[in-house]
Amino acid sequence: MSSRTEEQLRRAGLEVCGRCDGMSRRGPQLLRSAALLEDFTVAEADTLGGAMLLLRARPGQVLITEGDVGEWMMLLLSGTVDVTKRGPRGEVSRLAVIRQGAAIGEMSMLDGELRYASCVALDEVEAGVLTRHAIAQLIREHPAVGAKLLVKLTQLMAQRLRNTSNQLIKLLDGAPPPFDLGDAAAPAPPAGSAPQGRKQL
């Protein structure tokens with residue numbers, strides 16, 4: 001596990017408490033609620049937990065900051081987290097409130113791009129932190145677990161893309177139709193100007 005990640009988390013004021021050993025002992029509810037773990041056996045979940053840092057946060061603490069670079073993701077083990085995004089004029093919009101079993105930050109971990117949104121603890125939170133380095137180590141040492149994890153991450157990202165596409169379609173369905181330059185309601189050319197053909201967009 002990257003000591004650089006531990007240092008980064010501690011600098012943010014978050015408490016790092018070793019590893020998530022015994023993931024399955026957190027109860028069947030976690031294994032049922034976490035899409036990331038739904039196809040894992042108890043032993044596989046414990047192997048994955050052993051590769052993750054255990055993180056604790058107090059209400060109001062920031063877990064992920066929009067615009068930061070991050071090489072890790074989180075699996076929410078307990079508590080509630082507010083997911084927000086800042087708009088072009090500085091306004092903050094709530095995207096979601098997430099609970100036990102949710103995975104956050106996986107896109108930036110995989111592609112190295114900036115964090116898309118901020119995540120703030122609404123109450124006492126525990127989370128497992130999984131780094132890119134830890135995934136590579138899992139693939140080397142526990143290839144079956146590593147392969148299953150990559151499949152689940154791919155499925156999660158595909159589902160998020162599908163949800164985003166559905167939201168975009170709904171927005172477009174409610175938007176006014178694009179202006180047709182050939183429509184009779186189009187503005188007339190200025191007086192005295194020569195008639196012109198339809199402009200190319």
# chains A, B, ... in the order shown; residues from 1 in each chain; ligands from 1
$ residues_around --residues "range 90-101 of chain A" --least-positions-apart "2" --cutoff "10 Å" --atoms "only C-alpha atoms" --output "short mmCIF file (atom, residue, chain, number, x, y, z; two decimals) with N, CA and C atoms, in the first residue's frame"
data_model
loop_
_atom_site.label_atom_id
_atom_site.label_comp_id
_atom_site.auth_asym_id
_atom_site.auth_seq_id
_atom_site.Cartn_x
_atom_site.Cartn_y
_atom_site.Cartn_z
N GLN A 29 -24.81 -7.56 5.43
CA GLN A 29 -25.44 -6.38 4.83
C GLN A 29 -24.46 -5.66 3.90
N LEU A 30 -23.19 -5.55 4.32
CA LEU A 30 -22.20 -4.89 3.48
C LEU A 30 -21.99 -5.68 2.19
N LEU A 31 -21.87 -7.00 2.30
CA LEU A 31 -21.64 -7.82 1.11
C LEU A 31 -22.83 -7.75 0.16
N ARG A 32 -24.03 -7.55 0.71
CA ARG A 32 -25.22 -7.45 -0.15
C ARG A 32 -25.34 -6.06 -0.77
N SER A 33 -24.98 -5.02 -0.01
CA SER A 33 -25.22 -3.65 -0.48
C SER A 33 -24.13 -3.14 -1.40
N ALA A 34 -22.94 -3.71 -1.34
CA ALA A 34 -21.81 -3.22 -2.13
C ALA A 34 -21.79 -3.89 -3.49
N ALA A 35 -22.10 -3.12 -4.54
CA ALA A 35 -22.06 -3.68 -5.90
C ALA A 35 -20.67 -4.20 -6.23
N LEU A 36 -19.65 -3.57 -5.66
CA LEU A 36 -18.28 -3.98 -5.91
C LEU A 36 -18.00 -5.39 -5.38
N LEU A 37 -18.74 -5.82 -4.36
CA LEU A 37 -18.47 -7.09 -3.69
C LEU A 37 -19.49 -8.18 -4.00
N GLU A 38 -20.51 -7.87 -4.81
CA GLU A 38 -21.66 -8.77 -4.89
C GLU A 38 -21.33 -10.15 -5.46
N MET A 74 -12.52 4.74 -2.95
CA MET A 74 -13.03 4.35 -1.64
C MET A 74 -14.26 3.45 -1.78
N LEU A 75 -14.38 2.53 -0.84
CA LEU A 75 -15.59 1.74 -0.66
C LEU A 75 -16.17 2.14 0.68
N LEU A 76 -17.39 2.67 0.67
CA LEU A 76 -18.00 3.17 1.90
C LEU A 76 -18.48 2.00 2.75
N LEU A 77 -17.87 1.83 3.93
CA LEU A 77 -18.18 0.71 4.82
C LEU A 77 -19.30 1.06 5.80
N SER A 78 -19.39 2.31 6.19
CA SER A 78 -20.47 2.76 7.07
C SER A 78 -20.55 4.28 6.99
N GLY A 79 -21.72 4.80 7.34
CA GLY A 79 -21.89 6.24 7.33
C GLY A 79 -22.54 6.75 6.06
N THR A 80 -22.65 8.07 5.94
CA THR A 80 -23.34 8.73 4.83
C THR A 80 -22.46 9.84 4.29
N VAL A 81 -22.41 9.98 2.96
CA VAL A 81 -21.52 10.93 2.30
C VAL A 81 -22.32 11.76 1.30
N ASP A 82 -22.05 13.06 1.31
CA ASP A 82 -22.66 14.01 0.38
C ASP A 82 -21.73 14.19 -0.82
N VAL A 83 -22.27 14.04 -2.02
CA VAL A 83 -21.49 14.20 -3.25
C VAL A 83 -21.95 15.48 -3.93
N THR A 84 -21.04 16.44 -4.11
CA THR A 84 -21.40 17.74 -4.67
C THR A 84 -20.45 18.12 -5.80
N LYS A 85 -20.92 19.05 -6.65
CA LYS A 85 -20.09 19.57 -7.74
C LYS A 85 -20.28 21.07 -7.84
N ARG A 86 -19.18 21.77 -8.11
CA ARG A 86 -19.22 23.22 -8.24
C ARG A 86 -19.53 23.60 -9.68
N GLY A 87 -20.45 24.55 -9.85
CA GLY A 87 -20.85 25.01 -11.17
C GLY A 87 -19.94 26.09 -11.71
N PRO A 88 -20.19 26.54 -12.95
CA PRO A 88 -19.30 27.54 -13.57
C PRO A 88 -19.29 28.88 -12.86
N ALA A 103 -19.23 2.81 -4.02
CA ALA A 103 -17.84 3.03 -4.43
C ALA A 103 -17.71 4.44 -4.97
N ILE A 104 -16.65 5.15 -4.59
CA ILE A 104 -16.44 6.51 -5.06
C ILE A 104 -14.98 6.70 -5.46
N ALA A 117 -15.98 15.37 -8.65
CA ALA A 117 -16.87 15.93 -7.63
C ALA A 117 -16.19 15.83 -6.27
N SER A 118 -16.80 16.51 -5.28
CA SER A 118 -16.32 16.44 -3.90
C SER A 118 -17.22 15.51 -3.09
N CYS A 119 -16.64 14.86 -2.09
CA CYS A 119 -17.38 13.95 -1.21
C CYS A 119 -17.09 14.36 0.23
N VAL A 120 -18.16 14.64 0.99
CA VAL A 120 -18.02 15.13 2.36
C VAL A 120 -18.82 14.22 3.30
N ALA A 121 -18.22 13.85 4.42
CA ALA A 121 -18.90 13.00 5.40
C ALA A 121 -20.04 13.77 6.06
N LEU A 122 -21.23 13.19 6.07
CA LEU A 122 -22.37 13.79 6.75
C LEU A 122 -22.48 13.31 8.19
N VAL A 125 -17.96 8.23 9.38
CA VAL A 125 -17.79 7.41 8.18
C VAL A 125 -16.58 6.50 8.35
N GLU A 126 -16.73 5.28 7.88
CA GLU A 126 -15.60 4.37 7.69
C GLU A 126 -15.57 3.98 6.22
N ALA A 127 -14.37 3.94 5.65
CA ALA A 127 -14.23 3.59 4.24
C ALA A 127 -12.96 2.80 4.03
#
$ residues_around --residues "range 139-143 of chain A" --least-positions-apart "3" --cutoff "12 Å" --atoms "only C-alpha atoms" --output "list of chain:residue names"
A:Ala43, A:Glu44, A:Ala45, A:Asp46, A:Thr47, A:Leu48, A:Gly50, A:Ala51, A:Arg132, A:His133, A:Ala134, A:Ile135, A:Ala136, A:Gly146, A:Ala147, A:Lys148, A:Leu149, A:Leu150
$ write_last_selection --atoms "C-alpha atoms" --output "PDB file, in the first residue's frame"
ATOM      1  CA  ALA A  43     -12.681 -15.406   1.366  1.00  0.00           C
ATOM      2  CA  GLU A  44     -12.284 -13.158  -1.698  1.00  0.00           C
ATOM      3  CA  ALA A  45     -13.860 -10.211   0.117  1.00  0.00           C
ATOM      4  CA  ASP A  46     -11.386 -10.710   2.970  1.00  0.00           C
ATOM      5  CA  THR A  47      -8.482 -10.835   0.490  1.00  0.00           C
ATOM      6  CA  LEU A  48      -9.646  -7.569  -1.054  1.00  0.00           C
ATOM      7  CA  GLY A  50      -6.485  -6.908   3.246  1.00  0.00           C
ATOM      8  CA  ALA A  51      -5.353  -4.759   0.313  1.00  0.00           C
ATOM      9  CA  ARG A 132      -3.898   1.635  -8.215  1.00  0.00           C
ATOM     10  CA  HIS A 133      -0.739   0.056  -6.776  1.00  0.00           C
ATOM     11  CA  ALA A 134      -2.792  -2.266  -4.546  1.00  0.00           C
ATOM     12  CA  ILE A 135      -4.844  -3.447  -7.536  1.00  0.00           C
ATOM     13  CA  ALA A 136      -1.649  -4.266  -9.453  1.00  0.00           C
ATOM     14  CA  GLY A 146      -7.778  -9.068  -9.121  1.00  0.00           C
ATOM     15  CA  ALA A 147      -9.579 -10.140 -12.294  1.00  0.00           C
ATOM     16  CA  LYS A 148     -12.953 -10.175 -10.549  1.00  0.00           C
ATOM     17  CA  LEU A 149     -12.288  -6.704  -9.131  1.00  0.00           C
ATOM     18  CA  LEU A 150     -11.441  -5.290 -12.574  1.00  0.00           C
TER      19      LEU A 150
END
$ select_by_dssp --residues "range 52-174 of chain A" --states "strand (DSSP E or B)" --output "count of residues only"
43
$ closest_atom_pairs --of "range 33-117 of chain A" --to "range 16-22 of chain A" --cutoff "6 Å" --atoms "only C-alpha atoms" --output "CSV"
residue,atom,partner,partner_atom,distance
A:Asp46,CA,A:Gly22,CA,5.2
A:Gly49,CA,A:Cys20,CA,4.6
A:Gly50,CA,A:Asp21,CA,4.9
A:Met52,CA,A:Arg19,CA,5.6
A:Leu53,CA,A:Arg19,CA,4.4
A:Leu54,CA,A:Arg19,CA,5.0
A:Leu55,CA,A:Val16,CA,4.7
$ closest_residue --among "A:Arg89, A:Lys170, A:Arg56, A:Arg115" --to "Met73 in chain A" --atoms "only C-alpha atoms"
A:Arg115
$ atom_distance --atom1 "CA of Arg58 in chain A" --atom2 "CA of Glu124 in chain A"
4.9 Å
$ atom_distance --atom1 "CA of Thr5 in chain A" --atom2 "CA of Gly67 in chain A"
16.8 Å
$ atom_distance --atom1 "CA of Pro59 in chain A" --atom2 "CA of Glu15 in chain A"
12.6 Å
$ closest_residue --among "A:Thr131, A:Thr65, A:Ser24, A:Thr154" --to "Glu6 in chain A" --atoms "only C-alpha atoms"
A:Thr131
$ select_by_dssp --residues "range 3-177 of chain A" --states "helix (DSSP H, G or I)" --output "ChimeraX atom specification"
/A:3-11,23-26,28-33,35-37,42-50,106-111,132-141,143-173
